[in-house]
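A.B. asks: After the structure tokens below, expect a handful of questions from me.
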Amino acid sequence: MSGDGAPARKPARTGFSFRRFGAVLTKEFIQMRRDRITFAMMIGLPLVQLFLFGFAINADPHHLPTLVEMGDNGPLTRAVIAGMQQSDYFDFKGEVAGIAAGEEVLRRGEANFVVVIPQNFERDVIRGRMPEILIAADASDPSAVGGAAAALSGIVSVAVREVLTGPLAMPSGAPPFSVTVHREYNPEGKTSTNIVPGLLAIILSMTMVMITAVAIVKETERGTMEMLIATPVRPFEVMLGKILPYVFVGYVQTIVFLIAAAVIFHVPFEGSWLAFFLGFNLYIVVNLALGFLISTASRNQMQAMQLSFFTILPSILLSGFMFPFAGMPGWAQVLGTGVPATHFLRIIRAVMLKGGDVADVGPQCLALGIILVVISGIAMLRYRQTLD
Amino acid sequence: MSEPLVIEVSGLTKRFGERTVVDHFDIRVPKGAIYGFLGPNGSGKTTTIRMLCGLLTPDEGEGTCLGFDVRHEASRIKEEAGYMTQKFSLYEDLSIRENLDFVARMYRLDRRKERVQVALDELGLADRAKQLAGTLSGGWKQRLALAACLLHEPKLLLLDEPTAGVDPKARRDFWDEIRRLSAKGVTVLVSTHYMDEAVQCDFITYIAYGKKLIDGPSAMIPALVGLETWRVEGPNLGALAERLKAEPGVEQVARFGAVLHISGTDKPLLNQTVERLKAEETHHWSLQVAGLEEAFIYLMAGARDNFALDTPPEIAA
Ligand SMILES: Nc1ncnc2c1ncn2[C@@H]1O[C@H](COP(=O)(O)OP(=O)(O)OP(=O)(O)O)[C@@H](O)[C@H]1O
Ligand SMILES: [Mg+2]
């Protein structure tokens, strides 16, 4: 028999087909649009987390036990103490003699702050010598420190203005003293502004990994994978077509997040957008590849969820989000270096808070690149074109 | 058969862990044939079909499908074969048209919109094209799945229980379509549990516990099964049937209206029993040419659900 009609398709090509890739992409977007709950979750989850984490950590702690070392005891110093007692921030517990005694109190956790008012404080203020008020803080509760420093500046400024009237009145402007915070037990000294950008790293890794893993496993679980791989579609076309829509989701999440961070938490954005954009894209792709890898190891959506959840823990615990990276034991730092969130966390903090530019985030981008190559290499090896 | 072979495999074997699910399976399917693939649940039909179209890699065995090596040229086979899965495998959350369109794109078909529209018209689903596939009834899903795997005009159709859950009228339409395609030179390998479908096939292969037991043109199947069948008429058939089941040589008692068909593969033993019963002169006995139906009842009855047993019983192949 040779009665076959004209070939219905173009001659077999083994290369990448943009048409098939486009078809997978379109299909994925249609499915995403129809799955309202997941879609709402993708947008809602970052907001919920931002509010939970942001406010829980941002809520200024009040009435923190405080000791004062009085290097001076003139009217100005007394006004400062009175101001501290009136403020909600500090609970004035008494005096302490010498910085060593103060640190002992901190170590035992009996007080959160020891405020050291230097000798000749009043005289130096009047003479314009910029005396230094030292706050030794137990910064293991990071959000307390920034607030305390700010509050103390305010209290002292008010005291100075009230006490020094008449001829001694200070010209308005910069306060005639400085406040130095000496952080104990937490060298990075995180503040809520520091927490919020880090949250983006966590949110992205949480949603990106899980959504991708689930989206791909869904295909196996529902049996549609059997139809899909019975067609000539190539694994790479499927992988790319299924992953790209979630890059888009990552963008939407980040935009929502950045707006919320700026409007609600007044987190600054000091650095280069280009540096942010570079690191951010890299980070998203790494997470998607990780999701893809997880999908190759899971038989159903439940397993995919659990495995994804498992990857979130190191992102939170080992990345430096929860505990300062430099303070972690050596083995934890080694593990942490393999966690993508560690590097993105540094990128985003460098860019948003420290005004970093592209050069500043280079090493982190390189690290993310290496992680990406490793993860996608394993994923492609594991992804089969067959069902076995 | 002078027709060239479209499927030619030998020694195909698949193991899942310790279990050999398909055991040295051979098949030769000529072009344009309708080849029926029968066997009880869990006997390895789906697994075999998956190996034929490159979805599973065989642990042993080799051969060609559409002239392409089943091991190394799966992607070429996929271009030219149409595989309809046993379980509905189109996207339930895509509409009927979106599903067809997606499949058409996977094969990079030209005149895509037109082909999809033609398929919709032929299905009679043109006015429901926007309905989600998941909301179709079971029978309609099967029809849609068939239409989807015909879009790229495959030369070989692998249909895994395509009519499960389809009503009789739709099943007839289904088979009309299969015969029409076969007449055009499309080769069809179809698995089924329905006897009335099996009799429509040109060839039949029967598999149990992963092993092929019977294979040949439909007309030769009864002879291959080797059944001797006696026909019994007379009073009180129910009681007789019960009694016969315990008699030596009687392997199958099937009732067709007012007659019983008694069959067995051990001719001398069966005939001995029949002679003894004949002597009682209560019923009328006559020798019958065993048909395809008896053969199938025999085959189907002999094999319980293959999943239940790990070691196959002794079967004389
Ligand atoms: N991926 C797999 N992993 C392990 N065992 C499998 C797998 N796929 C199939 N099996 C086993 O292989 C055997 C044959 O399965 P298969 O689906 O081929 O049977 P079948 O003849 O199609 O049955 P049915 O008529 O019920 O569709 C079954 O016992 C099944 O449990
Ligand atoms: Mg099956």
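Lettering and numbering for the structure tokens are positional, with chains as A, B, ... in the shown order, residues counted from 1 in each chain, and ligands counted from 1 in the shown order.
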Mind checking DSSP for segment 80-253 of chain B and telling me the strand (DSSP E) residues as a ChimeraX atom specification?
C.D. replies: /B:81-84,156-160,187-191,203-208,211-217,228-233,252-253
A.B. asks: Keeping only N, CA, C and O atoms, write those residues as a compact mmCIF listing (two decimals), in the first residue's frame.
C.D. replies:
# COMPACT_ATOMS: atom_id res chain seq x y z
N ALA B 81 2.29 7.87 15.25
CA ALA B 81 1.32 6.99 15.89
C ALA B 81 0.34 7.84 16.70
O ALA B 81 0.68 8.93 17.15
N GLY B 82 -0.86 7.33 16.84
CA GLY B 82 -1.84 8.00 17.71
C GLY B 82 -2.16 7.06 18.85
O GLY B 82 -2.51 5.91 18.63
N TYR B 83 -1.99 7.54 20.07
CA TYR B 83 -2.20 6.69 21.24
C TYR B 83 -3.35 7.25 22.06
O TYR B 83 -3.31 8.38 22.50
N MET B 84 -4.36 6.43 22.24
CA MET B 84 -5.48 6.84 23.09
C MET B 84 -5.35 6.10 24.40
O MET B 84 -5.41 4.88 24.46
N LEU B 156 -0.69 4.67 12.56
CA LEU B 156 -0.92 3.57 13.49
C LEU B 156 -1.72 4.11 14.67
O LEU B 156 -1.39 5.15 15.23
N LEU B 157 -2.77 3.40 15.01
CA LEU B 157 -3.59 3.80 16.15
C LEU B 157 -3.42 2.77 17.25
O LEU B 157 -3.60 1.57 17.01
N LEU B 158 -3.08 3.23 18.45
CA LEU B 158 -3.00 2.34 19.59
C LEU B 158 -4.12 2.77 20.53
O LEU B 158 -4.06 3.85 21.12
N LEU B 159 -5.14 1.96 20.62
CA LEU B 159 -6.31 2.35 21.41
C LEU B 159 -6.42 1.44 22.62
O LEU B 159 -6.56 0.23 22.49
N ASP B 160 -6.33 2.03 23.80
CA ASP B 160 -6.39 1.25 25.03
C ASP B 160 -7.79 1.34 25.62
O ASP B 160 -8.16 2.35 26.22
N THR B 187 -3.40 1.25 10.52
CA THR B 187 -3.30 0.04 11.31
C THR B 187 -3.82 0.33 12.71
O THR B 187 -3.54 1.40 13.26
N VAL B 188 -4.59 -0.59 13.26
CA VAL B 188 -5.20 -0.34 14.57
C VAL B 188 -4.89 -1.50 15.52
O VAL B 188 -5.14 -2.66 15.20
N LEU B 189 -4.33 -1.14 16.67
CA LEU B 189 -4.18 -2.14 17.74
C LEU B 189 -5.09 -1.66 18.86
O LEU B 189 -4.95 -0.55 19.36
N VAL B 190 -6.07 -2.50 19.21
CA VAL B 190 -7.08 -2.04 20.16
C VAL B 190 -7.26 -3.06 21.27
O VAL B 190 -7.45 -4.25 21.00
N SER B 191 -7.17 -2.60 22.52
CA SER B 191 -7.41 -3.51 23.62
C SER B 191 -8.87 -3.39 24.03
O SER B 191 -9.47 -2.31 23.93
N PHE B 203 -7.42 -9.78 13.62
CA PHE B 203 -6.50 -10.64 14.36
C PHE B 203 -6.78 -10.46 15.84
O PHE B 203 -7.25 -9.41 16.27
N ILE B 204 -6.41 -11.47 16.59
CA ILE B 204 -6.59 -11.37 18.03
C ILE B 204 -5.39 -11.95 18.74
O ILE B 204 -4.84 -12.98 18.32
N THR B 205 -4.96 -11.23 19.77
CA THR B 205 -3.93 -11.80 20.62
C THR B 205 -4.46 -11.75 22.04
O THR B 205 -5.13 -10.81 22.44
N TYR B 206 -4.19 -12.81 22.77
CA TYR B 206 -4.70 -12.91 24.13
C TYR B 206 -3.52 -13.05 25.09
O TYR B 206 -2.63 -13.87 24.90
N ILE B 207 -3.53 -12.22 26.11
CA ILE B 207 -2.40 -12.17 27.04
C ILE B 207 -2.91 -12.40 28.46
O ILE B 207 -4.00 -11.95 28.82
N ALA B 208 -2.18 -13.14 29.25
CA ALA B 208 -2.51 -13.31 30.66
C ALA B 208 -1.21 -13.40 31.44
O ALA B 208 -0.25 -14.02 30.98
N LYS B 211 2.05 -12.95 29.70
CA LYS B 211 2.48 -13.88 28.65
C LYS B 211 1.42 -14.00 27.58
O LYS B 211 0.23 -14.06 27.88
N LYS B 212 1.87 -14.07 26.34
CA LYS B 212 0.93 -14.24 25.25
C LYS B 212 0.49 -15.69 25.19
O LYS B 212 1.32 -16.60 25.17
N LEU B 213 -0.82 -15.92 25.22
CA LEU B 213 -1.31 -17.30 25.18
C LEU B 213 -1.79 -17.68 23.78
O LEU B 213 -1.59 -18.79 23.33
N ILE B 214 -2.47 -16.76 23.13
CA ILE B 214 -3.10 -17.04 21.85
C ILE B 214 -2.80 -15.88 20.92
O ILE B 214 -2.79 -14.73 21.34
N ASP B 215 -2.58 -16.17 19.66
CA ASP B 215 -2.35 -15.10 18.69
C ASP B 215 -2.68 -15.64 17.30
O ASP B 215 -2.18 -16.70 16.93
N GLY B 216 -3.50 -14.95 16.56
CA GLY B 216 -3.78 -15.41 15.21
C GLY B 216 -4.98 -14.70 14.61
O GLY B 216 -5.62 -13.89 15.27
N PRO B 217 -5.29 -15.01 13.37
CA PRO B 217 -6.48 -14.44 12.74
C PRO B 217 -7.72 -14.88 13.51
O PRO B 217 -7.76 -16.01 14.01
N GLU B 228 -13.41 -28.52 22.58
CA GLU B 228 -14.42 -29.46 22.11
C GLU B 228 -15.72 -29.03 22.78
O GLU B 228 -15.76 -28.84 23.99
N THR B 229 -16.77 -28.81 21.98
CA THR B 229 -18.00 -28.31 22.58
C THR B 229 -19.18 -29.23 22.26
O THR B 229 -19.37 -29.62 21.11
N TRP B 230 -19.93 -29.54 23.30
CA TRP B 230 -21.17 -30.31 23.13
C TRP B 230 -22.35 -29.42 23.44
O TRP B 230 -22.29 -28.57 24.31
N ARG B 231 -23.42 -29.68 22.70
CA ARG B 231 -24.63 -28.92 22.89
C ARG B 231 -25.64 -29.85 23.55
O ARG B 231 -25.83 -30.99 23.12
N VAL B 232 -26.31 -29.40 24.63
CA VAL B 232 -27.27 -30.22 25.36
C VAL B 232 -28.63 -29.55 25.37
O VAL B 232 -28.73 -28.36 25.67
N GLU B 233 -29.66 -30.31 25.04
CA GLU B 233 -31.03 -29.81 25.12
C GLU B 233 -31.84 -30.75 26.00
O GLU B 233 -31.53 -31.94 26.06
N GLN B 252 -16.11 -25.87 30.99
CA GLN B 252 -16.96 -24.69 30.84
C GLN B 252 -18.38 -25.11 30.53
O GLN B 252 -18.61 -25.96 29.67
N VAL B 253 -19.32 -24.54 31.27
CA VAL B 253 -20.73 -24.77 30.99
C VAL B 253 -21.35 -23.41 30.75
O VAL B 253 -21.36 -22.57 31.63
A.B. asks: Can you tell me, as an MDAnalysis selection string, what residues are no more than 9 Å from segment 281-292 of chain B when counting only C-alpha atoms, ignoring any on the same chain fewer than 3 positions away?
C.D. replies: chainID B and resid 195 199 218:223 226:235 261 263 274 277:278 295:297
A.B. asks: May I ask which of the residues B:Ser182, B:Ser75, B:Gln86, B:Ser10 is the closest one to ligand 2, counting only C-alpha atoms and all ligand atoms?
C.D. replies: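 Of B:Ser182, B:Ser75, B:Gln86, B:Ser10, the one nearest ligand 2, counting only C-alpha atoms and all ligand atoms, is B:Gln86.
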A.B. asks: Distance limit 10 Å, reference ligand 2, atoms considered: only C-alpha atoms and all ligand atoms. Which residues make the cut? Give them as a PDB file with N, CA and C atoms, in the first residue's frame.
C.D. replies:
ATOM      1  N   GLY B  39      -7.246  -9.623  27.232  1.00  0.00           N
ATOM      2  CA  GLY B  39      -6.606 -10.163  28.424  1.00  0.00           C
ATOM      3  C   GLY B  39      -7.284  -9.600  29.651  1.00  0.00           C
ATOM      4  N   PRO B  40      -7.256 -10.353  30.749  1.00  0.00           N
ATOM      5  CA  PRO B  40      -7.918  -9.890  31.971  1.00  0.00           C
ATOM      6  C   PRO B  40      -7.233  -8.653  32.562  1.00  0.00           C
ATOM      7  N   ASN B  41      -7.862  -8.074  33.556  1.00  0.00           N
ATOM      8  CA  ASN B  41      -7.284  -6.901  34.219  1.00  0.00           C
ATOM      9  C   ASN B  41      -5.908  -7.234  34.758  1.00  0.00           C
ATOM     10  N   GLY B  42      -4.996  -6.313  34.548  1.00  0.00           N
ATOM     11  CA  GLY B  42      -3.657  -6.490  35.110  1.00  0.00           C
ATOM     12  C   GLY B  42      -2.784  -7.457  34.341  1.00  0.00           C
ATOM     13  N   SER B  43      -3.223  -7.860  33.148  1.00  0.00           N
ATOM     14  CA  SER B  43      -2.434  -8.850  32.408  1.00  0.00           C
ATOM     15  C   SER B  43      -1.268  -8.213  31.659  1.00  0.00           C
ATOM     16  N   GLY B  44      -1.270  -6.895  31.531  1.00  0.00           N
ATOM     17  CA  GLY B  44      -0.121  -6.231  30.909  1.00  0.00           C
ATOM     18  C   GLY B  44      -0.416  -5.581  29.567  1.00  0.00           C
ATOM     19  N   LYS B  45      -1.688  -5.385  29.251  1.00  0.00           N
ATOM     20  CA  LYS B  45      -2.033  -4.787  27.953  1.00  0.00           C
ATOM     21  C   LYS B  45      -1.533  -3.345  27.859  1.00  0.00           C
ATOM     22  N   THR B  46      -1.898  -2.557  28.860  1.00  0.00           N
ATOM     23  CA  THR B  46      -1.501  -1.148  28.832  1.00  0.00           C
ATOM     24  C   THR B  46       0.020  -1.021  28.808  1.00  0.00           C
ATOM     25  N   THR B  47       0.683  -1.821  29.616  1.00  0.00           N
ATOM     26  CA  THR B  47       2.148  -1.779  29.667  1.00  0.00           C
ATOM     27  C   THR B  47       2.740  -2.091  28.293  1.00  0.00           C
ATOM     28  N   THR B  48       2.191  -3.102  27.617  1.00  0.00           N
ATOM     29  CA  THR B  48       2.689  -3.459  26.287  1.00  0.00           C
ATOM     30  C   THR B  48       2.493  -2.305  25.312  1.00  0.00           C
ATOM     31  N   ILE B  49       1.306  -1.740  25.314  1.00  0.00           N
ATOM     32  CA  ILE B  49       1.024  -0.640  24.386  1.00  0.00           C
ATOM     33  C   ILE B  49       1.973   0.528  24.657  1.00  0.00           C
ATOM     34  N   ARG B  50       2.211   0.809  25.934  1.00  0.00           N
ATOM     35  CA  ARG B  50       3.127   1.907  26.275  1.00  0.00           C
ATOM     36  C   ARG B  50       4.534   1.639  25.750  1.00  0.00           C
ATOM     37  N   THR B  85      -5.152   6.859  25.477  1.00  0.00           N
ATOM     38  CA  THR B  85      -4.895   6.246  26.776  1.00  0.00           C
ATOM     39  C   THR B  85      -6.170   5.646  27.364  1.00  0.00           C
ATOM     40  N   GLN B  86      -5.968   4.690  28.251  1.00  0.00           N
ATOM     41  CA  GLN B  86      -7.112   4.039  28.891  1.00  0.00           C
ATOM     42  C   GLN B  86      -7.872   5.034  29.764  1.00  0.00           C
ATOM     43  N   LYS B  87      -7.115   5.812  30.513  1.00  0.00           N
ATOM     44  CA  LYS B  87      -7.712   6.833  31.368  1.00  0.00           C
ATOM     45  C   LYS B  87      -7.754   8.136  30.569  1.00  0.00           C
ATOM     46  N   ASP B 160      -6.334   2.035  23.796  1.00  0.00           N
ATOM     47  CA  ASP B 160      -6.385   1.249  25.030  1.00  0.00           C
ATOM     48  C   ASP B 160      -7.792   1.336  25.622  1.00  0.00           C
ATOM     49  N   GLU B 161      -8.536   0.275  25.450  1.00  0.00           N
ATOM     50  CA  GLU B 161      -9.937   0.214  25.896  1.00  0.00           C
ATOM     51  C   GLU B 161     -10.696   1.484  25.556  1.00  0.00           C
ATOM     52  N   SER B 191      -7.173  -2.596  22.515  1.00  0.00           N
ATOM     53  CA  SER B 191      -7.413  -3.515  23.616  1.00  0.00           C
ATOM     54  C   SER B 191      -8.872  -3.390  24.032  1.00  0.00           C
ATOM     55  N   THR B 192      -9.448  -4.485  24.437  1.00  0.00           N
ATOM     56  CA  THR B 192     -10.863  -4.451  24.805  1.00  0.00           C
ATOM     57  C   THR B 192     -11.189  -5.610  25.728  1.00  0.00           C
TER      58      THR B 192
END
A.B. asks: Please identify all polymer residues within 12 Å of Lys155 of chain B, counting only C-alpha atoms, omitting same-chain residues fewer than 2 positions from it, and present them as a ChimeraX atom specification.
C.D. replies: /A:1-5,7-8 /B:6-7,30-33,65-67,77-83,149-153,157-158,181-189
A.B. asks: May I ask you to extract the residues of chain B within 6 Å of chain A, using only C-alpha atoms, and to give them as a PyMOL selection string?
C.D. replies: chain B and resi 55-56+75+78-79+89-90+105-106+109
A.B. asks: Include C-alpha atoms and write out the residues we just selected as a PDB file, in the first residue's frame.
C.D. replies:
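And here is the file that came out, part.pdb:
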ATOM      1  CA  LEU B  55       6.378   5.657  26.681  1.00  0.00           C
ATOM      2  CA  LEU B  56       8.090   2.853  28.565  1.00  0.00           C
ATOM      3  CA  SER B  75      10.345  10.284  18.997  1.00  0.00           C
ATOM      4  CA  LYS B  78       5.381   9.450  18.380  1.00  0.00           C
ATOM      5  CA  GLU B  79       5.155  11.619  15.258  1.00  0.00           C
ATOM      6  CA  SER B  89      -5.774  12.185  29.613  1.00  0.00           C
ATOM      7  CA  LEU B  90      -6.796  15.433  28.005  1.00  0.00           C
ATOM      8  CA  ARG B 105       0.112  22.301  18.055  1.00  0.00           C
ATOM      9  CA  MET B 106       2.059  19.471  19.657  1.00  0.00           C
ATOM     10  CA  LEU B 109       0.019  20.659  12.136  1.00  0.00           C
TER      11      LEU B 109
END
A.B. asks: Quick one: pull the distance between atom CA of Met70 of chain A and atom CA of Asp88 of chain A, Å, one decimal.
C.D. replies: 20.7 Å
A.B. asks: Using Å and a single decimal, report how far atom CA of Glu162 of chain A sits from atom CA of Ile133 of chain A.
C.D. replies: 18.3 Å
A.B. asks: In Å, rounded to a single decimal, give me how far atom CA of Gly36 of chain B is from atom CA of Ala198 of chain B.
C.D. replies: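 Spanning atom CA of Ala198 of chain B to atom CA of Gly36 of chain B is a straight-line distance of 6.0 Å.
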A.B. asks: Write out as a short mmCIF file (atom, residue, chain, number, x, y, z; two decimals) with N, CA and C atoms, in the first residue's frame each polymer residue whose atoms come within 10 Å of Thr77 of chain A, counting only C-alpha atoms; drop sequence neighbours fewer than 4 positions from it.
C.D. replies:
data_model
loop_
_atom_site.label_atom_id
_atom_site.label_comp_id
_atom_site.auth_asym_id
_atom_site.auth_seq_id
_atom_site.Cartn_x
_atom_site.Cartn_y
_atom_site.Cartn_z
N MET A 70 25.05 56.26 85.80
CA MET A 70 25.03 57.71 85.86
C MET A 70 26.45 58.24 85.98
N GLY A 71 26.99 58.75 84.94
CA GLY A 71 28.31 59.35 84.98
C GLY A 71 28.22 60.80 85.44
N ASP A 72 27.02 61.30 85.48
CA ASP A 72 26.79 62.70 85.80
C ASP A 72 25.45 62.74 86.52
N ASN A 73 25.18 63.75 87.33
CA ASN A 73 23.83 63.78 87.91
C ASN A 73 23.29 65.18 88.10
N ILE A 81 16.68 60.95 82.71
CA ILE A 81 16.13 59.77 83.38
C ILE A 81 14.62 59.88 83.47
N ALA A 82 14.13 61.08 83.84
CA ALA A 82 12.68 61.27 83.96
C ALA A 82 12.02 61.00 82.61
N GLY A 83 12.64 61.51 81.56
CA GLY A 83 12.08 61.30 80.22
C GLY A 83 12.02 59.82 79.89
N ILE A 117 25.52 57.15 80.70
CA ILE A 117 25.64 58.60 80.51
C ILE A 117 27.03 58.99 80.99
N PRO A 118 27.82 59.53 80.08
CA PRO A 118 29.23 59.74 80.40
C PRO A 118 29.42 60.83 81.46
N PHE A 121 28.73 64.97 81.28
CA PHE A 121 27.82 65.01 80.16
C PHE A 121 27.25 66.42 79.97
N GLU A 122 26.79 67.00 81.07
CA GLU A 122 26.12 68.29 80.98
C GLU A 122 27.08 69.37 80.51
N VAL A 156 16.35 62.44 75.02
CA VAL A 156 17.44 63.32 75.44
C VAL A 156 17.28 64.71 74.81
N ALA A 159 14.75 66.56 76.74
CA ALA A 159 15.31 66.95 78.04
C ALA A 159 16.24 68.14 77.89
N VAL A 160 17.08 68.08 76.88
CA VAL A 160 18.03 69.16 76.65
C VAL A 160 17.28 70.47 76.40
N VAL A 163 15.54 71.70 79.72
CA VAL A 163 16.42 72.12 80.82
C VAL A 163 17.23 73.34 80.43
#
